[in-house]
$ cat coords.cif   # mmCIF, C-alpha atoms
data_target
loop_
_atom_site.label_atom_id
_atom_site.label_comp_id
_atom_site.auth_asym_id
_atom_site.auth_seq_id
_atom_site.Cartn_x
_atom_site.Cartn_y
_atom_site.Cartn_z
CA MET A 1 2.71 15.52 -6.39
CA ASN A 2 1.35 18.89 -5.40
CA GLU A 3 3.16 22.21 -5.51
CA LYS A 4 3.94 22.42 -1.79
CA MET A 5 5.49 18.97 -1.69
CA GLN A 6 7.54 19.73 -4.82
CA SER A 7 8.96 22.83 -3.14
CA ASP A 8 10.30 20.77 -0.24
CA PRO A 9 14.05 20.17 -0.83
CA SER A 10 13.86 16.80 0.90
CA GLN A 11 11.12 15.50 -1.43
CA LEU A 12 11.51 12.46 -3.62
CA PRO A 13 13.49 12.92 -6.87
CA GLU A 14 11.28 13.88 -9.79
CA HIS A 15 12.69 11.18 -12.10
CA ILE A 16 11.26 8.36 -9.97
CA GLN A 17 8.25 6.94 -11.73
CA SER A 18 5.82 4.17 -10.91
CA VAL A 19 4.33 1.54 -13.17
CA ARG A 20 1.06 3.44 -12.67
CA PRO A 21 0.40 6.99 -11.45
CA LEU A 22 0.62 7.19 -7.69
CA THR A 23 -2.35 8.34 -5.67
CA THR A 24 -1.91 11.39 -3.45
CA ALA A 25 -1.86 9.11 -0.40
CA GLU A 26 0.88 6.94 -1.93
CA GLN A 27 2.95 10.02 -2.74
CA VAL A 28 2.66 11.25 0.84
CA ALA A 29 3.52 7.78 2.17
CA ASP A 30 6.55 7.49 -0.11
CA HIS A 31 7.72 10.97 0.84
CA CYS A 32 7.42 10.37 4.59
CA GLY A 33 8.64 6.78 4.38
CA LEU A 34 11.91 7.78 2.78
CA LEU A 35 12.49 10.42 5.44
CA ILE A 36 11.95 7.75 8.11
CA VAL A 37 14.33 5.25 6.46
CA GLU A 38 16.96 7.96 6.07
CA GLY A 39 16.54 8.89 9.74
CA ARG A 40 15.27 12.41 9.02
CA ILE A 41 12.10 11.72 10.98
CA ALA A 42 13.14 10.33 14.34
CA ALA A 43 11.92 7.13 15.96
CA GLY A 44 9.12 7.83 18.43
CA GLU A 45 8.07 11.06 16.75
CA ARG A 46 4.33 11.58 16.43
CA LEU A 47 3.04 12.13 12.89
CA GLY A 48 -0.01 14.31 13.30
CA GLU A 49 -2.55 14.36 10.48
CA GLU A 50 -2.94 18.13 10.56
CA ARG A 51 0.80 18.78 10.46
CA LEU A 52 1.38 16.34 7.60
CA ALA A 53 -1.53 17.75 5.63
CA GLU A 54 -0.07 21.24 5.97
CA ILE A 55 3.48 20.18 5.09
CA CYS A 56 2.38 18.24 2.03
CA GLY A 57 -0.31 20.64 0.95
CA VAL A 58 -3.07 18.03 0.89
CA SER A 59 -6.32 17.38 2.72
CA ARG A 60 -6.44 15.16 5.79
CA GLY A 61 -8.18 12.34 3.89
CA PRO A 62 -5.09 11.34 1.83
CA VAL A 63 -2.94 11.80 4.93
CA ARG A 64 -5.04 9.27 6.87
CA GLU A 65 -4.66 6.79 4.02
CA ALA A 66 -0.93 7.52 3.83
CA LEU A 67 -0.58 6.70 7.52
CA ARG A 68 -2.30 3.34 6.94
CA ILE A 69 0.17 2.63 4.13
CA LEU A 70 3.11 3.52 6.37
CA GLU A 71 1.75 1.26 9.10
CA LYS A 72 1.48 -1.61 6.60
CA ARG A 73 5.10 -1.01 5.62
CA ARG A 74 6.07 -1.26 9.32
CA LEU A 75 7.37 2.30 9.40
CA ILE A 76 4.90 3.66 11.95
CA GLU A 77 2.62 2.34 14.66
CA ILE A 78 -0.92 3.69 14.96
CA ILE A 79 -2.08 3.66 18.57
CA PRO A 80 -5.83 4.15 19.10
CA ARG A 81 -6.73 7.52 20.65
CA ARG A 82 -3.06 8.53 20.70
CA GLY A 83 -2.02 8.80 17.07
CA ALA A 84 0.71 7.59 14.71
CA PHE A 85 4.27 7.18 15.95
CA VAL A 86 7.43 6.45 13.98
CA ARG A 87 8.92 3.01 14.53
CA GLU A 88 12.66 2.63 14.91
CA VAL A 89 14.27 1.91 11.56
CA ASN A 90 18.03 1.76 11.93
CA LEU A 91 20.81 0.22 9.90
CA HIS A 92 20.43 -3.03 11.86
CA THR A 93 16.74 -3.44 11.00
CA ILE A 94 17.47 -2.57 7.37
CA SER A 95 20.26 -5.16 7.33
CA ASP A 96 17.90 -7.74 8.86
CA LEU A 97 15.42 -7.19 6.03
CA PHE A 98 18.15 -7.67 3.44
CA ASN A 99 19.42 -10.80 5.17
CA VAL A 100 16.00 -12.46 5.12
CA ARG A 101 15.45 -11.66 1.46
CA ASN A 102 18.97 -12.70 0.50
CA ALA A 103 18.53 -16.05 2.22
CA LEU A 104 15.29 -16.66 0.31
CA ALA A 105 16.89 -15.70 -3.02
CA ALA A 106 19.86 -17.99 -2.35
CA MET A 107 17.41 -20.80 -1.58
CA ALA A 108 15.66 -20.12 -4.88
CA ALA A 109 18.93 -20.28 -6.82
CA ALA A 110 19.77 -23.61 -5.20
CA SER A 111 16.31 -24.93 -6.02
CA MET A 112 16.63 -23.97 -9.68
CA ALA A 113 20.06 -25.59 -9.90
CA SER A 114 18.74 -28.82 -8.38
CA ARG A 115 16.24 -29.41 -11.19
CA ASP A 116 16.64 -32.17 -13.76
CA CYS A 117 19.21 -32.20 -16.56
CA GLU A 118 16.84 -30.37 -18.93
CA ARG A 119 16.89 -27.26 -16.74
CA GLN A 120 18.53 -25.14 -19.46
CA GLU A 121 15.60 -25.81 -21.78
CA THR A 122 12.93 -24.68 -19.35
CA GLU A 123 11.13 -21.38 -19.79
CA ALA A 124 12.25 -20.39 -16.28
CA PHE A 125 15.91 -20.72 -17.20
CA LYS A 126 15.42 -18.94 -20.51
CA ARG A 127 13.79 -16.11 -18.59
CA LEU A 128 16.92 -15.85 -16.43
CA GLU A 129 19.06 -15.68 -19.54
CA ARG A 130 16.92 -12.86 -20.92
CA ARG A 131 17.30 -10.95 -17.68
CA VAL A 132 21.08 -11.38 -17.81
CA ALA A 133 21.16 -10.15 -21.41
CA GLN A 134 19.20 -7.05 -20.40
CA ILE A 135 21.57 -6.37 -17.50
CA ALA A 136 24.59 -6.84 -19.78
CA GLU A 137 23.16 -4.32 -22.22
CA ILE A 138 22.76 -1.53 -19.67
CA ALA A 139 25.70 -2.31 -17.37
CA LYS A 140 28.35 -0.59 -19.51
CA ASP A 141 26.15 2.20 -20.82
CA PRO A 142 27.31 5.44 -19.13
CA THR A 143 23.83 6.93 -19.57
CA THR A 144 22.14 4.18 -17.56
CA GLU A 145 20.16 5.50 -14.61
CA PRO A 146 21.11 3.72 -11.34
CA LEU A 147 17.42 3.16 -10.57
CA ALA A 148 16.93 1.51 -13.97
CA PHE A 149 19.83 -0.80 -13.20
CA SER A 150 18.41 -1.62 -9.76
CA PHE A 151 15.10 -2.45 -11.40
CA GLN A 152 16.72 -4.95 -13.77
CA VAL A 153 18.61 -6.61 -10.91
CA THR A 154 15.33 -6.88 -9.01
CA ARG A 155 13.68 -8.48 -12.06
CA PHE A 156 16.48 -11.04 -12.23
CA VAL A 157 16.11 -11.98 -8.56
CA PHE A 158 12.33 -12.24 -8.93
CA ALA A 159 12.76 -14.48 -11.98
CA THR A 160 14.86 -16.77 -9.79
CA ILE A 161 12.18 -16.80 -7.10
CA VAL A 162 9.54 -17.74 -9.69
CA GLY A 163 11.86 -20.27 -11.31
CA SER A 164 12.40 -22.07 -8.01
CA GLY A 165 8.95 -23.61 -8.38
CA ASN A 166 8.35 -23.05 -4.66
CA SER A 167 4.93 -21.41 -4.32
CA LEU A 168 5.35 -20.75 -0.59
CA LEU A 169 8.64 -19.00 -1.25
CA LEU A 170 6.93 -16.86 -3.87
CA ASP A 171 4.14 -15.95 -1.44
CA ILE A 172 6.60 -14.99 1.30
CA TRP A 173 8.56 -12.88 -1.19
CA GLY A 174 5.40 -11.00 -2.10
CA GLU A 175 4.56 -10.44 1.56
CA LEU A 176 8.01 -8.96 2.16
CA ASN A 177 7.49 -6.56 -0.72
CA GLU A 178 4.02 -5.46 0.38
CA ASN A 179 4.33 -5.44 4.16
CA THR A 180 7.78 -4.00 4.82
CA PHE A 181 9.64 -0.82 3.94
CA TRP A 182 11.57 -2.67 1.21
CA THR A 183 10.30 -0.61 -1.72
CA THR A 184 10.91 2.61 0.22
CA ILE A 185 14.65 1.92 0.24
CA TRP A 186 14.70 2.01 -3.55
CA LYS A 187 13.06 5.39 -4.00
CA VAL A 188 16.53 6.88 -4.51
CA PRO A 189 19.62 5.36 -6.20
CA GLN A 190 21.41 2.89 -3.94
CA ILE A 191 23.48 0.66 -6.27
CA GLY A 192 24.86 0.78 -9.80
CA ILE A 193 26.03 4.35 -9.35
CA THR A 194 29.08 3.89 -11.60
CA PRO A 195 29.63 1.78 -14.75
CA GLU A 196 32.35 -0.14 -12.91
CA GLU A 197 29.94 -1.10 -10.16
CA ARG A 198 27.27 -2.10 -12.66
CA VAL A 199 29.71 -4.28 -14.63
CA ALA A 200 30.90 -6.00 -11.44
CA THR A 201 27.31 -6.81 -10.46
CA TYR A 202 26.59 -8.06 -13.98
CA HIS A 203 29.51 -10.49 -13.80
CA GLN A 204 28.24 -11.79 -10.46
CA ILE A 205 24.78 -12.37 -11.93
CA GLU A 206 26.25 -14.04 -14.99
CA SER A 207 28.12 -16.41 -12.67
CA ILE A 208 24.92 -17.24 -10.77
CA VAL A 209 23.12 -18.24 -13.96
CA ARG A 210 26.09 -20.27 -15.14
CA GLU A 211 26.09 -22.28 -11.89
CA ILE A 212 22.33 -22.78 -12.06
CA GLY A 213 22.60 -24.02 -15.63
CA ALA A 214 25.39 -26.42 -14.70
CA GLY A 215 23.36 -27.83 -11.82
CA ASN A 216 25.89 -26.74 -9.20
CA VAL A 217 23.53 -26.35 -6.28
CA SER A 218 25.96 -25.15 -3.61
CA ALA A 219 27.79 -22.80 -5.95
CA ALA A 220 24.55 -21.27 -7.25
CA GLU A 221 23.36 -20.67 -3.70
CA GLU A 222 26.71 -19.23 -2.64
CA GLN A 223 27.03 -16.94 -5.66
CA MET A 224 23.51 -15.54 -5.22
CA ARG A 225 24.13 -14.90 -1.54
CA LYS A 226 27.48 -13.21 -2.26
CA CYS A 227 25.98 -10.98 -4.96
CA LEU A 228 23.05 -9.83 -2.83
CA ASP A 229 25.16 -9.43 0.30
CA ASP A 230 27.37 -7.06 -1.71
CA VAL A 231 24.23 -5.13 -2.69
CA ARG A 232 23.19 -5.01 0.97
CA ASP A 233 26.56 -3.63 2.02
CA ARG A 234 26.50 -0.89 -0.61
CA VAL A 235 23.00 0.17 0.39
CA LEU A 236 23.94 0.28 4.07
CA GLN A 237 27.00 2.37 3.26
CA ASN A 238 24.86 4.82 1.30
CA LEU A 239 22.25 5.07 4.04
CA GLU A 240 24.91 5.55 6.68
CA VAL A 241 26.08 8.65 4.80
CA GLN A 242 22.54 9.91 4.27
CA ARG A 243 21.34 9.48 7.84
CA PRO A 244 21.95 12.37 10.27
CA SER A 245 25.02 12.10 12.48
CA GLY A 246 24.39 9.89 15.50
CA ILE A 247 21.41 8.08 13.96
CA ARG A 248 22.59 4.65 12.85
#
$ encode --input "coords.cif" --output "structure tokens"
Amino acid sequence: MNEKMQSDPSQLPEHIQSVRPLTTAEQVADHCGLLIVEGRIAAGERLGEERLAEICGVSRGPVREALRILEKRRLIEIIPRRGAFVREVNLHTISDLFNVRNALAAMAAASMASRDCERQETEAFKRLERRVAQIAEIAKDPTTEPLAFSFQVTRFVFATIVGSGNSLLLDIWGELNENTFWTTIWKVPQIGITPEERVATYHQIESIVREIGAGNVSAAEEQMRKCLDDVRDRVLQNLEVQRPSGIR
């Protein structure tokens, strides 16, 4: 991230890292996207290339690419000959995104639980157990970064999606990651802020895996939904505090 963007007090936290180095366009998109999700850039506002380039201290080329990324994430709408305009992203639309994902994850948990009696010997189930062990290890550690905890929870849910054996479900899950503002939400800590919260989430996840292993379809589905709905509610509470007064 360039010097001008680093000097902006509303910029993304420095400790956030990607699996690979982000391009300049991706950094600009992440920066602007978070401001939109947090309500600091208002719905309907025009994002001019020249203004963004000046604010971020970059050329207009990366800005144009950043706008295309934001459009793909459904955060802006690019209207030919008029420019890029911020789409409305309120707590209701954020909740809707969580609800869709949570329903898919609950479906995946039910699917895994419905498999034959050898389910506990499958590689998919063993992968779930490894994810739970990793979450258990970091849940009580007071030095655990909330974003690191969120990442492990995300890995667990994805392992359940893969373990469902439903290729269409996996494709839809990928589309939701790539073509919505989902990843933008997690650019700052949203869950696992305290050890107590992390331990509570760990116990919920442990219960999900136990029900899957026992073949309790309804219970596995219900436990997954309850766990992720709790995550949704915590994120919405955090965003409600972060968003400017009157923008909900």
$ closest_atom_pairs --input "coords.cif" --of "stretch 173-198 of chain A" --to "stretch 96-117 of chain A" --cutoff "12 Å" --atoms "all atoms listed in the file" --output "Markdown table"
| residue | atom | partner | partner_atom | distance |
| --- | --- | --- | --- | --- |
| A:Trp173 | CA | A:Arg101 | CA | 7.5 |
| A:Gly174 | CA | A:Arg101 | CA | 10.7 |
| A:Glu175 | CA | A:Arg101 | CA | 11.0 |
| A:Leu176 | CA | A:Arg101 | CA | 7.9 |
| A:Asn177 | CA | A:Arg101 | CA | 9.7 |
| A:Asn179 | CA | A:Leu97 | CA | 11.4 |
| A:Thr180 | CA | A:Leu97 | CA | 8.4 |
| A:Phe181 | CA | A:Leu97 | CA | 8.9 |
| A:Trp182 | CA | A:Leu97 | CA | 7.6 |
| A:Thr183 | CA | A:Leu97 | CA | 11.4 |
| A:Ile185 | CA | A:Phe98 | CA | 10.7 |
$ write_last_selection --input "coords.cif" --atoms "C-alpha atoms" --output "PDB file, in the coordinates of the input"
ATOM      1  CA  TRP A 173       8.560 -12.880  -1.190  1.00  0.00           C
ATOM      2  CA  GLY A 174       5.400 -11.000  -2.100  1.00  0.00           C
ATOM      3  CA  GLU A 175       4.560 -10.440   1.560  1.00  0.00           C
ATOM      4  CA  LEU A 176       8.010  -8.960   2.160  1.00  0.00           C
ATOM      5  CA  ASN A 177       7.490  -6.560  -0.720  1.00  0.00           C
ATOM      6  CA  ASN A 179       4.330  -5.440   4.160  1.00  0.00           C
ATOM      7  CA  THR A 180       7.780  -4.000   4.820  1.00  0.00           C
ATOM      8  CA  PHE A 181       9.640  -0.820   3.940  1.00  0.00           C
ATOM      9  CA  TRP A 182      11.570  -2.670   1.210  1.00  0.00           C
ATOM     10  CA  THR A 183      10.300  -0.610  -1.720  1.00  0.00           C
ATOM     11  CA  ILE A 185      14.650   1.920   0.240  1.00  0.00           C
TER      12      ILE A 185
END
$ atom_distance --input "coords.cif" --atom1 "atom CA of A:Val89" --atom2 "atom CA of A:Pro62"
23.6 Å
$ closest_residue --input "coords.cif" --among "A:Gly83, A:Ala133, A:Thr93, A:Ile36" --to "A:Gly48" --atoms "only C-alpha atoms"
A:Gly83
$ resolve_selection --input "coords.cif" --expression "the PyMOL selection byres ((chain A and resi 233) around 12)" --output "list in words"
Leu91, His92, Ile94, Ser95, Asp96, Phe98, Asn99, Asn102, Gln190, Ile191, Lys226, Cys227, Leu228, Asp229, Asp230, Val231, Arg232, Arg234, Val235, Leu236, Gln237, Asn238, Leu239 and Glu240 of chain A
$ residues_around --input "coords.cif" --residues "A:Arg68" --least-positions-apart "3" --cutoff "10 Å" --atoms "only C-alpha atoms" --output "ChimeraX atom specification"
/A:25,29,62-65,71-74,76-78,84
$ residues_around --input "coords.cif" --residues "A:Ser207" --least-positions-apart "6" --cutoff "10 Å" --atoms "only C-alpha atoms" --output "PyMOL selection string"
chain A and resi 201+213+219-220+223-224+227
$ resolve_selection --input "coords.cif" --expression "the PyMOL selection byres ((chain A and resi 200) around 12)" --output "number ranges by chain"
A: 135-136, 139-140, 191-199, 201-207, 227, 230-231
$ closest_residue --input "coords.cif" --among "A:Arg82, A:Arg87, A:Arg127, A:Arg51" --to "A:Val37" --atoms "all atoms listed in the file"
A:Arg87
$ closest_residue --input "coords.cif" --among "A:Ser150, A:Thr160, A:Thr144, A:Thr184" --to "A:Val28" --atoms "all atoms listed in the file"
A:Thr184
$ closest_residue --input "coords.cif" --among "A:Gly44, A:Gly33, A:Pro189, A:Gly163" --to "A:Leu147" --atoms "all atoms listed in the file"
A:Pro189
$ closest_residue --input "coords.cif" --among "A:Val209, A:Leu75, A:Leu169, A:Ile138" --to "A:Phe125" --atoms "only C-alpha atoms"
A:Val209
$ atom_distance --input "coords.cif" --atom1 "atom CA of A:Pro80" --atom2 "atom CA of A:Ile172"
28.9 Å
$ atom_distance --input "coords.cif" --atom1 "atom CA of A:Glu38" --atom2 "atom CA of A:Ile79"
23.2 Å
$ closest_residue --input "coords.cif" --among "A:Val153, A:Ile69, A:Ile161, A:Ile208" --to "A:Glu178" --atoms "only C-alpha atoms"
A:Ile69
$ residues_around --input "coords.cif" --residues "A:Arg155" --least-positions-apart "4" --cutoff "8 Å" --atoms "all atoms listed in the file" --output "ChimeraX atom specification"
/A:131,151,159
$ build_atoms --input "coords.cif" --residues "stretch 197-227 of chain A" --atoms "N, CA and C atoms" --output "compact mmCIF listing (two decimals), keeping the file's coordinate frame"
# COMPACT_ATOMS: atom_id res chain seq x y z
N GLU A 197 30.76 -0.36 -11.12
CA GLU A 197 29.94 -1.10 -10.16
C GLU A 197 28.89 -1.94 -10.87
N ARG A 198 28.29 -1.37 -11.92
CA ARG A 198 27.27 -2.10 -12.66
C ARG A 198 27.87 -3.33 -13.36
N VAL A 199 29.06 -3.16 -13.95
CA VAL A 199 29.71 -4.28 -14.63
C VAL A 199 30.07 -5.39 -13.63
N ALA A 200 30.55 -5.01 -12.46
CA ALA A 200 30.90 -6.00 -11.44
C ALA A 200 29.68 -6.80 -11.02
N THR A 201 28.55 -6.12 -10.83
CA THR A 201 27.31 -6.81 -10.46
C THR A 201 26.85 -7.71 -11.59
N TYR A 202 26.96 -7.23 -12.83
CA TYR A 202 26.59 -8.06 -13.98
C TYR A 202 27.39 -9.36 -14.01
N HIS A 203 28.69 -9.28 -13.78
CA HIS A 203 29.51 -10.49 -13.80
C HIS A 203 29.10 -11.46 -12.69
N GLN A 204 28.72 -10.92 -11.54
CA GLN A 204 28.24 -11.79 -10.46
C GLN A 204 26.96 -12.51 -10.88
N ILE A 205 26.04 -11.78 -11.50
CA ILE A 205 24.78 -12.37 -11.93
C ILE A 205 25.01 -13.40 -13.03
N GLU A 206 25.90 -13.09 -13.92
CA GLU A 206 26.25 -14.04 -14.99
C GLU A 206 26.77 -15.35 -14.39
N SER A 207 27.57 -15.22 -13.34
CA SER A 207 28.12 -16.41 -12.67
C SER A 207 27.02 -17.23 -12.01
N ILE A 208 26.05 -16.55 -11.41
CA ILE A 208 24.92 -17.24 -10.77
C ILE A 208 24.18 -18.10 -11.79
N VAL A 209 23.87 -17.52 -12.93
CA VAL A 209 23.12 -18.24 -13.96
C VAL A 209 23.94 -19.40 -14.52
N ARG A 210 25.22 -19.20 -14.65
CA ARG A 210 26.09 -20.27 -15.14
C ARG A 210 26.06 -21.47 -14.18
N GLU A 211 26.11 -21.19 -12.88
CA GLU A 211 26.09 -22.28 -11.89
C GLU A 211 24.73 -22.96 -11.85
N ILE A 212 23.66 -22.19 -12.01
CA ILE A 212 22.33 -22.78 -12.06
C ILE A 212 22.21 -23.70 -13.26
N GLY A 213 22.68 -23.22 -14.41
CA GLY A 213 22.60 -24.02 -15.63
C GLY A 213 23.41 -25.29 -15.57
N ALA A 214 24.52 -25.23 -14.83
CA ALA A 214 25.39 -26.42 -14.70
C ALA A 214 24.90 -27.37 -13.62
N GLY A 215 23.87 -26.96 -12.87
CA GLY A 215 23.36 -27.83 -11.82
C GLY A 215 24.21 -27.85 -10.57
N ASN A 216 25.03 -26.82 -10.38
CA ASN A 216 25.89 -26.74 -9.20
C ASN A 216 25.12 -26.06 -8.06
N VAL A 217 24.45 -26.86 -7.29
CA VAL A 217 23.53 -26.35 -6.28
C VAL A 217 24.22 -25.44 -5.27
N SER A 218 25.28 -25.93 -4.65
CA SER A 218 25.96 -25.15 -3.61
C SER A 218 26.56 -23.87 -4.16
N ALA A 219 27.16 -23.98 -5.35
CA ALA A 219 27.79 -22.80 -5.95
C ALA A 219 26.75 -21.76 -6.34
N ALA A 220 25.61 -22.21 -6.87
CA ALA A 220 24.55 -21.27 -7.25
C ALA A 220 24.03 -20.53 -6.02
N GLU A 221 23.83 -21.27 -4.94
CA GLU A 221 23.36 -20.67 -3.70
C GLU A 221 24.39 -19.67 -3.16
N GLU A 222 25.65 -20.09 -3.16
CA GLU A 222 26.71 -19.23 -2.64
C GLU A 222 26.89 -17.97 -3.47
N GLN A 223 26.84 -18.10 -4.79
CA GLN A 223 27.03 -16.94 -5.66
C GLN A 223 25.88 -15.94 -5.52
N MET A 224 24.65 -16.44 -5.41
CA MET A 224 23.51 -15.54 -5.22
C MET A 224 23.64 -14.80 -3.89
N ARG A 225 23.99 -15.53 -2.86
CA ARG A 225 24.13 -14.90 -1.54
C ARG A 225 25.23 -13.84 -1.57
N LYS A 226 26.36 -14.16 -2.20
CA LYS A 226 27.48 -13.21 -2.26
C LYS A 226 27.07 -11.95 -3.02
N CYS A 227 26.41 -12.11 -4.16
CA CYS A 227 25.98 -10.98 -4.96
C CYS A 227 25.05 -10.06 -4.17
